[in-house]
file structure.tsv (TSV, C-alpha atoms)
chain	number	residue	atom	x	y	z
C	1452	MET	CA	5.77	-65.55	33.88
C	1453	SER	CA	8.15	-62.87	32.70
C	1454	ALA	CA	6.72	-59.43	32.20
C	1455	LYS	CA	6.49	-58.25	28.63
C	1456	LYS	CA	8.43	-55.21	27.65
C	1457	GLU	CA	5.39	-53.08	26.94
C	1458	GLY	CA	3.85	-54.29	30.19
C	1459	LYS	CA	0.37	-54.71	28.77
C	1460	ASN	CA	-1.59	-57.74	29.76
C	1461	PRO	CA	-3.41	-59.52	26.93
C	1462	VAL	CA	-7.15	-59.46	26.44
C	1463	THR	CA	-8.90	-62.74	25.71
C	1464	ILE	CA	-12.28	-62.95	24.07
C	1465	GLU	CA	-14.34	-66.07	23.97
C	1466	ARG	CA	-17.70	-66.66	22.44
C	1467	LYS	CA	-19.06	-69.02	25.09
C	1468	SER	CA	-22.29	-69.65	23.25
C	1469	ALA	CA	-24.48	-68.06	20.62
C	1470	LEU	CA	-25.62	-65.60	23.25
C	1471	GLU	CA	-22.66	-65.14	25.55
C	1472	LEU	CA	-19.40	-63.30	25.08
C	1473	VAL	CA	-16.64	-63.39	27.70
C	1474	VAL	CA	-13.71	-60.98	27.91
C	1475	THR	CA	-10.84	-61.40	30.37
C	1476	ARG	CA	-7.83	-59.31	31.35
C	1477	THR	CA	-5.41	-59.16	34.27
C	1478	PHE	CA	-4.57	-55.87	35.96
C	1479	ASP	CA	-1.44	-55.28	38.02
C	1480	ALA	CA	-3.29	-53.92	41.03
C	1481	PRO	CA	-5.44	-55.20	43.88
C	1482	ALA	CA	-9.14	-55.77	43.18
C	1483	ARG	CA	-10.03	-52.85	45.43
C	1484	ILE	CA	-8.31	-50.43	43.06
C	1485	VAL	CA	-9.61	-51.94	39.82
C	1486	PHE	CA	-13.11	-51.99	41.29
C	1487	GLU	CA	-12.77	-48.32	42.17
C	1488	ALA	CA	-11.93	-47.48	38.56
C	1489	TRP	CA	-15.15	-49.23	37.45
C	1490	THR	CA	-17.40	-47.70	40.05
C	1491	LYS	CA	-16.37	-44.07	40.39
C	1492	SER	CA	-18.07	-42.13	37.66
C	1493	GLU	CA	-15.20	-39.67	37.17
C	1494	LEU	CA	-12.70	-42.53	36.78
C	1495	LEU	CA	-14.96	-44.70	34.62
C	1496	LYS	CA	-15.41	-42.03	31.97
C	1497	ARG	CA	-11.65	-41.66	31.62
C	1498	TRP	CA	-11.12	-45.13	30.22
C	1499	TRP	CA	-14.53	-46.20	28.88
C	1500	VAL	CA	-14.12	-43.91	25.89
C	1501	PRO	CA	-10.60	-44.46	24.59
C	1502	LYS	CA	-9.34	-41.84	22.17
C	1503	SER	CA	-8.80	-44.50	19.55
C	1504	MET	CA	-12.57	-45.03	19.35
C	1505	GLY	CA	-12.88	-41.57	17.88
C	1506	MET	CA	-16.03	-40.85	19.84
C	1507	THR	CA	-16.69	-37.78	21.92
C	1508	LEU	CA	-18.36	-38.21	25.25
C	1509	LEU	CA	-20.92	-35.45	25.75
C	1510	SER	CA	-22.03	-36.45	29.22
C	1511	SER	CA	-21.68	-39.33	31.60
C	1512	GLU	CA	-23.44	-40.26	34.80
C	1513	ALA	CA	-23.01	-43.46	36.75
C	1514	ASP	CA	-24.70	-43.99	40.08
C	1515	VAL	CA	-23.01	-47.27	40.98
C	1516	ARG	CA	-25.26	-48.94	43.57
C	1517	VAL	CA	-27.97	-51.57	43.19
C	1518	GLY	CA	-30.86	-49.90	41.39
C	1519	GLY	CA	-28.70	-46.93	40.41
C	1520	THR	CA	-28.56	-45.95	36.74
C	1521	TYR	CA	-25.90	-44.90	34.30
C	1522	ARG	CA	-26.08	-42.90	31.12
C	1523	PHE	CA	-23.29	-42.19	28.63
C	1524	VAL	CA	-24.08	-39.84	25.77
C	1525	PHE	CA	-21.84	-39.75	22.72
C	1526	ASP	CA	-21.56	-37.31	19.88
C	1527	LEU	CA	-21.84	-39.06	16.51
C	1528	GLY	CA	-21.27	-35.92	14.48
C	1529	ASP	CA	-23.87	-34.21	12.29
C	1530	SER	CA	-25.62	-33.21	15.53
C	1531	LYS	CA	-26.53	-36.84	16.13
C	1532	THR	CA	-26.03	-38.39	19.53
C	1533	MET	CA	-26.25	-41.85	21.00
C	1534	ALA	CA	-26.93	-42.79	24.60
C	1535	PHE	CA	-25.89	-45.96	26.37
C	1536	HIS	CA	-27.90	-46.48	29.51
C	1537	GLY	CA	-29.08	-49.03	32.03
C	1538	THR	CA	-29.36	-50.00	35.67
C	1539	TYR	CA	-26.87	-51.56	38.07
C	1540	ILE	CA	-28.30	-54.82	39.36
C	1541	GLU	CA	-25.38	-56.10	41.45
C	1542	VAL	CA	-22.69	-54.12	43.22
C	1543	LYS	CA	-20.56	-56.24	45.53
C	1544	PRO	CA	-17.49	-54.27	46.56
C	1545	TYR	CA	-14.22	-55.48	45.06
C	1546	SER	CA	-15.64	-58.69	43.61
C	1547	ARG	CA	-18.72	-58.34	41.43
C	1548	LEU	CA	-20.60	-55.82	39.33
C	1549	ALA	CA	-23.58	-56.31	37.01
C	1550	TRP	CA	-25.76	-53.98	34.99
C	1551	THR	CA	-28.37	-53.98	32.27
C	1552	ASN	CA	-27.81	-52.41	28.85
C	1553	ASP	CA	-31.13	-50.92	27.86
C	1554	GLU	CA	-30.38	-48.93	24.71
C	1555	ALA	CA	-30.53	-51.66	22.08
C	1556	ALA	CA	-33.52	-52.12	19.83
C	1557	GLU	CA	-32.80	-55.86	19.86
C	1558	GLY	CA	-33.57	-56.01	23.57
C	1559	LYS	CA	-31.87	-55.50	26.89
C	1560	TYR	CA	-28.81	-57.51	27.79
C	1561	THR	CA	-26.80	-57.95	30.94
C	1562	THR	CA	-23.11	-57.43	31.63
C	1563	THR	CA	-21.46	-59.04	34.65
C	1564	VAL	CA	-17.91	-58.28	35.75
C	1565	THR	CA	-16.04	-60.26	38.38
C	1566	PHE	CA	-12.79	-59.19	40.02
C	1567	GLU	CA	-10.61	-61.97	41.38
C	1568	GLU	CA	-7.53	-60.98	43.32
C	1569	LYS	CA	-4.46	-63.17	43.38
C	1570	ALA	CA	-1.05	-62.15	44.67
C	1571	GLY	CA	-1.82	-58.46	44.37
C	1572	LYS	CA	-3.13	-58.74	40.81
C	1573	THR	CA	-6.70	-58.76	39.60
C	1574	PHE	CA	-8.10	-61.21	37.10
C	1575	LEU	CA	-11.13	-59.59	35.54
C	1576	VAL	CA	-13.85	-61.54	33.75
C	1577	MET	CA	-16.57	-59.66	31.90
C	1578	SER	CA	-19.50	-61.58	30.55
C	1579	GLU	CA	-22.28	-60.29	28.31
C	1580	VAL	CA	-25.41	-62.36	28.02
C	1581	HIS	CA	-27.70	-61.39	25.17
C	1582	PRO	CA	-31.33	-62.27	24.46
C	1583	SER	CA	-30.53	-63.09	20.80
C	1584	GLU	CA	-27.64	-63.32	18.35
C	1585	GLU	CA	-28.79	-60.09	16.73
C	1586	SER	CA	-28.44	-58.44	20.09
C	1587	LEU	CA	-24.95	-59.85	20.59
C	1588	LYS	CA	-23.72	-58.49	17.29
C	1589	GLY	CA	-25.78	-55.34	17.70
C	1590	GLY	CA	-24.00	-54.59	20.95
C	1591	LEU	CA	-20.74	-54.26	19.13
C	1592	ASP	CA	-22.22	-52.22	16.32
C	1593	ALA	CA	-23.66	-49.88	18.88
C	1594	ALA	CA	-20.31	-49.61	20.57
C	1595	GLU	CA	-18.80	-48.68	17.27
C	1596	ALA	CA	-21.73	-46.38	16.70
C	1597	THR	CA	-20.95	-45.63	13.06
C	1598	HIS	CA	-19.02	-47.01	10.19
C	1599	GLU	CA	-16.86	-43.92	10.37
C	1600	THR	CA	-15.23	-45.29	13.49
C	1601	PHE	CA	-13.70	-47.90	11.22
C	1602	ALA	CA	-11.36	-45.12	10.19
C	1603	GLN	CA	-10.29	-44.82	13.81
C	1604	LEU	CA	-9.63	-48.53	13.84
C	1605	ASP	CA	-7.32	-47.98	10.90
C	1606	GLU	CA	-5.34	-45.53	12.98
C	1607	LEU	CA	-5.24	-47.95	15.84
C	1608	LEU	CA	-4.05	-50.75	13.60
C	1609	ILE	CA	-1.21	-48.62	12.33
C	1610	THR	CA	0.04	-48.11	15.85
C	1611	LEU	CA	-0.05	-51.83	16.66
M	948	MET	CA	-14.31	-70.90	20.96
M	949	VAL	CA	-12.95	-68.72	18.24
M	950	GLN	CA	-9.28	-69.28	17.76
M	951	HIS	CA	-7.32	-68.18	14.74
M	952	SER	CA	-3.70	-67.58	14.22
M	953	VAL	CA	-2.57	-64.06	14.91
M	954	ALA	CA	-0.63	-63.94	11.66
M	955	ARG	CA	-3.80	-64.59	9.66
M	956	LEU	CA	-5.66	-61.93	11.54
M	957	ASP	CA	-2.84	-59.49	10.93
M	958	THR	CA	-3.09	-60.11	7.20
M	959	SER	CA	-6.87	-59.71	7.24
M	960	PHE	CA	-6.72	-56.55	9.25
M	961	ALA	CA	-4.02	-55.03	7.13
M	962	ALA	CA	-6.22	-55.84	4.13
M	963	LEU	CA	-9.27	-54.30	5.79
M	964	SER	CA	-7.45	-51.18	6.92
M	965	ASP	CA	-7.90	-49.49	3.57
M	966	ALA	CA	-11.14	-47.77	2.60
M	967	THR	CA	-10.83	-48.73	-1.08
M	968	ARG	CA	-10.30	-52.38	-0.23
M	969	ARG	CA	-13.29	-52.37	2.08
M	970	GLY	CA	-15.25	-50.79	-0.75
M	971	VAL	CA	-14.08	-53.52	-3.12
M	972	LEU	CA	-15.30	-56.17	-0.66
M	973	GLU	CA	-18.67	-54.46	-0.40
M	974	GLN	CA	-18.88	-54.26	-4.17
M	975	LEU	CA	-17.98	-57.93	-4.61
M	976	GLY	CA	-20.56	-58.76	-1.98
M	977	ARG	CA	-23.15	-57.48	-4.42
M	978	ALA	CA	-21.72	-59.03	-7.58
M	979	ASP	CA	-18.53	-60.47	-9.03
M	980	ALA	CA	-16.53	-57.95	-11.01
M	981	SER	CA	-13.50	-57.73	-13.25
M	982	ILE	CA	-10.41	-55.75	-12.27
M	983	THR	CA	-11.26	-53.26	-15.02
M	984	GLU	CA	-14.75	-52.75	-13.64
M	985	LEU	CA	-13.42	-52.31	-10.14
M	986	ALA	CA	-10.77	-49.84	-11.31
M	987	GLU	CA	-13.45	-47.78	-13.04
M	988	LYS	CA	-15.80	-47.94	-10.11
M	989	PHE	CA	-13.14	-46.67	-7.72
M	990	HIS	CA	-11.56	-44.22	-10.18
M	991	MET	CA	-8.22	-45.94	-10.11
M	992	THR	CA	-5.65	-47.17	-12.55
M	993	LEU	CA	-5.63	-50.86	-13.43
M	994	THR	CA	-2.24	-51.23	-11.74
M	995	GLY	CA	-3.52	-49.60	-8.56
M	996	MET	CA	-6.56	-51.84	-8.42
M	997	LYS	CA	-4.48	-54.93	-9.14
M	998	LYS	CA	-2.38	-54.11	-6.09
M	999	HIS	CA	-5.46	-53.76	-3.86
M	1000	VAL	CA	-6.91	-57.01	-5.16
M	1001	ALA	CA	-3.58	-58.76	-4.56
M	1002	VAL	CA	-3.65	-57.67	-0.89
M	1003	LEU	CA	-7.21	-58.92	-0.53
M	1004	GLN	CA	-6.27	-62.19	-2.21
M	1005	GLN	CA	-3.34	-62.67	0.10
M	1006	ALA	CA	-5.68	-62.31	3.04
M	1007	GLY	CA	-7.98	-64.86	1.43
M	1008	LEU	CA	-10.81	-62.34	1.27
M	1009	VAL	CA	-10.99	-62.38	-2.51
M	1010	THR	CA	-10.32	-64.96	-5.19
M	1011	SER	CA	-9.88	-64.26	-8.87
M	1012	GLU	CA	-9.98	-66.25	-12.05
M	1013	LYS	CA	-8.72	-65.31	-15.45
M	1014	VAL	CA	-10.91	-66.26	-18.37
M	1015	GLY	CA	-9.47	-65.09	-21.66
M	1016	ARG	CA	-8.32	-61.55	-21.07
M	1017	VAL	CA	-10.64	-60.82	-18.20
M	1018	ARG	CA	-9.77	-61.44	-14.57
M	1019	THR	CA	-12.94	-61.81	-12.53
M	1020	CYS	CA	-12.87	-61.26	-8.80
M	1021	ARG	CA	-15.23	-62.70	-6.26
M	1022	LEU	CA	-15.41	-62.91	-2.48
M	1023	GLY	CA	-13.08	-65.53	-1.05
M	1024	ALA	CA	-13.82	-68.26	1.44
M	1025	ARG	CA	-12.57	-66.07	4.26
M	1026	GLN	CA	-15.59	-63.88	3.87
M	1027	LEU	CA	-17.53	-66.66	5.55
M	1028	GLU	CA	-15.42	-66.10	8.60
M	1029	ASP	CA	-16.56	-62.57	9.13
M	1030	GLU	CA	-17.14	-63.55	12.71
M	1031	THR	CA	-13.37	-63.51	13.14
M	1032	ALA	CA	-13.20	-59.94	11.96
M	1033	TRP	CA	-16.18	-59.07	14.09
M	1034	ILE	CA	-14.65	-60.54	17.24
M	1035	GLU	CA	-11.39	-58.82	16.40
M	1036	ARG	CA	-13.13	-55.44	16.27
M	1037	TYR	CA	-14.55	-56.19	19.67
M	1038	ARG	CA	-11.08	-57.07	20.90
M	1039	GLN	CA	-9.72	-53.76	19.59
M	1040	LEU	CA	-12.37	-51.90	21.53
M	1041	TRP	CA	-11.69	-53.69	24.79
M	1042	THR	CA	-7.93	-53.63	24.37
M	1043	ALA	CA	-8.09	-49.87	23.94
M	1044	ARG	CA	-10.39	-49.49	26.95
M	1045	PHE	CA	-8.30	-51.70	29.20
M	1046	ASP	CA	-5.07	-49.99	28.22
M	1047	GLU	CA	-6.64	-46.73	29.38
M	1048	LEU	CA	-7.92	-48.46	32.51
M	1049	ASP	CA	-4.33	-49.54	33.24
M	1050	LYS	CA	-3.37	-45.88	33.33
M	1051	VAL	CA	-6.18	-45.00	35.72
M	1052	VAL	CA	-5.28	-47.94	37.97
M	1053	GLU	CA	-1.60	-46.95	38.00
M	1054	GLU	CA	-2.56	-43.44	38.97
M	1055	ILE	CA	-4.65	-44.62	41.93
M	1056	LYS	CA	-1.77	-46.87	43.02
M	1057	ARG	CA	0.69	-43.98	42.88
M	1058	LYS	CA	-1.64	-41.70	44.85
M	1059	GLU	CA	-2.10	-44.34	47.53
M	1060	MET	CA	1.65	-44.80	47.84
M	1061	ILE	CA	2.17	-41.08	48.30
M	1062	ASP	CA	-0.61	-40.97	50.90
M	1063	GLU	CA	0.98	-43.88	52.73
M	1064	ARG	CA	4.33	-42.13	52.87
M	1065	LYS	CA	2.70	-38.97	54.18
M	1066	LYS	CA	1.00	-40.95	56.93
M	1067	ARG	CA	4.24	-42.51	58.04
M	1068	ARG	CA	5.94	-39.18	58.44
call {"tool": "encode", "arguments": {"input": "structure.tsv", "output": "structure tokens"}}
result
Amino acid sequence: MSAKKEGKNPVTIERKSALELVVTRTFDAPARIVFEAWTKSELLKRWWVPKSMGMTLLSSEADVRVGGTYRFVFDLGDSKTMAFHGTYIEVKPYSRLAWTNDEAAEGKYTTTVTFEEKAGKTFLVMSEVHPSEESLKGGLDAAEATHETFAQLDELLITL
Amino acid sequence: MVQHSVARLDTSFAALSDATRRGVLEQLGRADASITELAEKFHMTLTGMKKHVAVLQQAGLVTSEKVGRVRTCRLGARQLEDETAWIERYRQLWTARFDELDKVVEEIKRKEMIDERKKRR
């Protein structure tokens, strides 16, 4: 496969079922490195909150080990904040990571990420399994946090 | 599996990228309305509103019908596919995150290469 000019690998999103959403992406680095970026708190916070989301990260903690917890607190403006938090339930170096997402009113859901290395590249598969369809859609709404972030999406779209 | 042509999504997203047009969709979600009513509601000229409606129509988000002198707008069939838009928002989020992750990964790679060279010396 020839490399694209911009060098960005495409993201695929598949709704596997009413309750499961799967995201994939290839990274041009060994699994060890990609895994590191997901499991070191100071690295994780650098990419988890892209500027284009228009959200300000107030604090972030991630204790990436089985039973360890994470907590990301965002500023929503008007002195409102939102926290994303949960517990790591699987941490298998360089190949597998899973955690619970405990913030949603619709119920907890689980995210599992697998890292598969092939010829120096890493194929990443992220799967979210929700307890209900409301939860599945709610997860995204929570990620967007407010309708105002739609404005940020506008900006992003302009740059596409 | 959700699969739609990129061109169609581009049209929808261009249509949705404007606050007035999103407002028009919200309004039509509550009730059908004429161009005149929409123009008044959004404090715009008729010509301006016609342009917005045309963009929404092109994206299939709105349909309109002229009866006598009045053109009535209602939500188009595409509105039923809001899942597409929803998934696309999700894609935007993860694309943005992963593009940043690329940068972090590249940085680690560079650091390791420098460390390797230092070791060899």
call {"tool": "closest_residue", "arguments": {"input": "structure.tsv", "among": "C:Phe1535, C:Thr1573, C:Ser1511, C:Pro1582", "to": "chain M", "atoms": "all atoms listed in the file"}}
result
C:Thr1573
call {"tool": "interface_residues", "arguments": {"input": "structure.tsv", "of": "chain M", "to": "chain C", "cutoff": "8 Å", "atoms": "only C-alpha atoms", "output": "MDAnalysis selection string"}}
result
chainID M and resid 948:949 960:961 964:965 1034 1037:1049 1051:1053 1055:1056
call {"tool": "write_last_selection", "arguments": {"input": "structure.tsv", "atoms": "C-alpha atoms", "output": "tab-separated table (two decimals), keeping the file's coordinate frame"}}
result
chain	number	residue	atom	x	y	z
M	948	MET	CA	-14.31	-70.90	20.96
M	949	VAL	CA	-12.95	-68.72	18.24
M	960	PHE	CA	-6.72	-56.55	9.25
M	961	ALA	CA	-4.02	-55.03	7.13
M	964	SER	CA	-7.45	-51.18	6.92
M	965	ASP	CA	-7.90	-49.49	3.57
M	1034	ILE	CA	-14.65	-60.54	17.24
M	1037	TYR	CA	-14.55	-56.19	19.67
M	1038	ARG	CA	-11.08	-57.07	20.90
M	1039	GLN	CA	-9.72	-53.76	19.59
M	1040	LEU	CA	-12.37	-51.90	21.53
M	1041	TRP	CA	-11.69	-53.69	24.79
M	1042	THR	CA	-7.93	-53.63	24.37
M	1043	ALA	CA	-8.09	-49.87	23.94
M	1044	ARG	CA	-10.39	-49.49	26.95
M	1045	PHE	CA	-8.30	-51.70	29.20
M	1046	ASP	CA	-5.07	-49.99	28.22
M	1047	GLU	CA	-6.64	-46.73	29.38
M	1048	LEU	CA	-7.92	-48.46	32.51
M	1049	ASP	CA	-4.33	-49.54	33.24
M	1051	VAL	CA	-6.18	-45.00	35.72
M	1052	VAL	CA	-5.28	-47.94	37.97
M	1053	GLU	CA	-1.60	-46.95	38.00
M	1055	ILE	CA	-4.65	-44.62	41.93
M	1056	LYS	CA	-1.77	-46.87	43.02
call {"tool": "residues_around", "arguments": {"input": "structure.tsv", "residues": "segment 966-971 of chain M", "least_positions_apart": "2", "cutoff": "12 Å", "atoms": "all atoms listed in the file", "output": "PyMOL selection string"}}
result
(chain C and resi 1598-1605) or (chain M and resi 959-964+973-982+984-991+995-1004+1006+1008-1009+1020-1022+1026)
call {"tool": "atom_distance", "arguments": {"input": "structure.tsv", "atom1": "atom CA of Val1473 of chain C", "atom2": "atom CA of Met1577 of chain C"}}
result
5.6 Å
call {"tool": "closest_residue", "arguments": {"input": "structure.tsv", "among": "C:Thr1538, C:Thr1507, C:Thr1561, C:Ser1583", "to": "Leu1470 of chain C", "atoms": "all atoms listed in the file"}}
result
C:Ser1583
call {"tool": "axis_aligned_box", "arguments": {"input": "structure.tsv", "around": "segment 1485-1500 of chain C", "padding_each_side": "3 Å", "output": "AutoDock Vina command-line options"}}
result
--center_x -13.8 --center_y -45.8 --center_z 34.0 --size_x 14.5 --size_y 18.3 --size_z 22.3
call {"tool": "residues_around", "arguments": {"input": "structure.tsv", "residues": "Pro1544 of chain C", "least_positions_apart": "2", "cutoff": "10 Å", "atoms": "only C-alpha atoms", "output": "PyMOL selection string"}}
result
chain C and resi 1482-1483+1486-1487+1490+1516+1541-1542+1546-1548+1566
call {"tool": "atom_distance", "arguments": {"input": "structure.tsv", "atom1": "atom CA of Ser1510 of chain C", "atom2": "atom CA of Lys1531 of chain C"}}
result
13.8 Å
call {"tool": "atom_distance", "arguments": {"input": "structure.tsv", "atom1": "atom CA of Phe1525 of chain C", "atom2": "atom CA of Ala1513 of chain C"}}
result
14.6 Å
call {"tool": "residues_around", "arguments": {"input": "structure.tsv", "residues": "segment 1549-1554 of chain C", "least_positions_apart": "5", "cutoff": "10 Å", "atoms": "only C-alpha atoms", "output": "PyMOL selection string"}}
result
chain C and resi 1515-1522+1533-1543+1559-1565+1577-1581+1590+1593
call {"tool": "write_last_selection", "arguments": {"input": "structure.tsv", "atoms": "C-alpha atoms", "output": "short mmCIF file (atom, residue, chain, number, x, y, z; two decimals), keeping the file's coordinate frame"}}
result
data_model
loop_
_atom_site.label_atom_id
_atom_site.label_comp_id
_atom_site.auth_asym_id
_atom_site.auth_seq_id
_atom_site.Cartn_x
_atom_site.Cartn_y
_atom_site.Cartn_z
CA VAL C 1515 -23.01 -47.27 40.98
CA ARG C 1516 -25.26 -48.94 43.57
CA VAL C 1517 -27.97 -51.57 43.19
CA GLY C 1518 -30.86 -49.90 41.39
CA GLY C 1519 -28.70 -46.93 40.41
CA THR C 1520 -28.56 -45.95 36.74
CA TYR C 1521 -25.90 -44.90 34.30
CA ARG C 1522 -26.08 -42.90 31.12
CA MET C 1533 -26.25 -41.85 21.00
CA ALA C 1534 -26.93 -42.79 24.60
CA PHE C 1535 -25.89 -45.96 26.37
CA HIS C 1536 -27.90 -46.48 29.51
CA GLY C 1537 -29.08 -49.03 32.03
CA THR C 1538 -29.36 -50.00 35.67
CA TYR C 1539 -26.87 -51.56 38.07
CA ILE C 1540 -28.30 -54.82 39.36
CA GLU C 1541 -25.38 -56.10 41.45
CA VAL C 1542 -22.69 -54.12 43.22
CA LYS C 1543 -20.56 -56.24 45.53
CA LYS C 1559 -31.87 -55.50 26.89
CA TYR C 1560 -28.81 -57.51 27.79
CA THR C 1561 -26.80 -57.95 30.94
CA THR C 1562 -23.11 -57.43 31.63
CA THR C 1563 -21.46 -59.04 34.65
CA VAL C 1564 -17.91 -58.28 35.75
CA THR C 1565 -16.04 -60.26 38.38
CA MET C 1577 -16.57 -59.66 31.90
CA SER C 1578 -19.50 -61.58 30.55
CA GLU C 1579 -22.28 -60.29 28.31
CA VAL C 1580 -25.41 -62.36 28.02
CA HIS C 1581 -27.70 -61.39 25.17
CA GLY C 1590 -24.00 -54.59 20.95
CA ALA C 1593 -23.66 -49.88 18.88
#
call {"tool": "build_atoms", "arguments": {"input": "structure.tsv", "residues": "segment 1505-1517 of chain C", "atoms": "N, CA and C atoms", "output": "PDB file, in the coordinates of the input"}}
result
ATOM      1  N   GLY C1505     -12.480 -42.715  18.670  1.00  0.00           N
ATOM      2  CA  GLY C1505     -12.880 -41.570  17.880  1.00  0.00           C
ATOM      3  C   GLY C1505     -14.267 -41.060  18.229  1.00  0.00           C
ATOM      4  N   MET C1506     -14.709 -41.324  19.443  1.00  0.00           N
ATOM      5  CA  MET C1506     -16.030 -40.850  19.840  1.00  0.00           C
ATOM      6  C   MET C1506     -15.865 -39.806  20.931  1.00  0.00           C
ATOM      7  N   THR C1507     -16.750 -38.826  20.916  1.00  0.00           N
ATOM      8  CA  THR C1507     -16.690 -37.780  21.920  1.00  0.00           C
ATOM      9  C   THR C1507     -17.793 -37.996  22.931  1.00  0.00           C
ATOM     10  N   LEU C1508     -17.401 -38.034  24.170  1.00  0.00           N
ATOM     11  CA  LEU C1508     -18.360 -38.210  25.250  1.00  0.00           C
ATOM     12  C   LEU C1508     -18.958 -36.851  25.597  1.00  0.00           C
ATOM     13  N   LEU C1509     -20.279 -36.727  25.452  1.00  0.00           N
ATOM     14  CA  LEU C1509     -20.920 -35.450  25.750  1.00  0.00           C
ATOM     15  C   LEU C1509     -21.253 -35.344  27.225  1.00  0.00           C
ATOM     16  N   SER C1510     -21.747 -36.452  27.788  1.00  0.00           N
ATOM     17  CA  SER C1510     -22.030 -36.450  29.220  1.00  0.00           C
ATOM     18  C   SER C1510     -21.982 -37.867  29.740  1.00  0.00           C
ATOM     19  N   SER C1511     -21.716 -37.999  31.012  1.00  0.00           N
ATOM     20  CA  SER C1511     -21.680 -39.330  31.600  1.00  0.00           C
ATOM     21  C   SER C1511     -22.117 -39.252  33.053  1.00  0.00           C
ATOM     22  N   GLU C1512     -22.986 -40.161  33.410  1.00  0.00           N
ATOM     23  CA  GLU C1512     -23.440 -40.260  34.800  1.00  0.00           C
ATOM     24  C   GLU C1512     -23.433 -41.734  35.138  1.00  0.00           C
ATOM     25  N   ALA C1513     -22.965 -42.072  36.299  1.00  0.00           N
ATOM     26  CA  ALA C1513     -23.010 -43.460  36.750  1.00  0.00           C
ATOM     27  C   ALA C1513     -23.197 -43.467  38.263  1.00  0.00           C
ATOM     28  N   ASP C1514     -24.362 -43.914  38.666  1.00  0.00           N
ATOM     29  CA  ASP C1514     -24.700 -43.990  40.080  1.00  0.00           C
ATOM     30  C   ASP C1514     -24.547 -45.466  40.456  1.00  0.00           C
ATOM     31  N   VAL C1515     -23.310 -45.847  40.825  1.00  0.00           N
ATOM     32  CA  VAL C1515     -23.010 -47.270  40.980  1.00  0.00           C
ATOM     33  C   VAL C1515     -23.447 -47.791  42.353  1.00  0.00           C
ATOM     34  N   ARG C1516     -24.691 -48.244  42.402  1.00  0.00           N
ATOM     35  CA  ARG C1516     -25.260 -48.940  43.570  1.00  0.00           C
ATOM     36  C   ARG C1516     -26.449 -49.709  43.011  1.00  0.00           C
ATOM     37  N   VAL C1517     -26.878 -50.744  43.701  1.00  0.00           N
ATOM     38  CA  VAL C1517     -27.970 -51.570  43.190  1.00  0.00           C
ATOM     39  C   VAL C1517     -29.194 -50.677  42.957  1.00  0.00           C
TER      40      VAL C1517
END
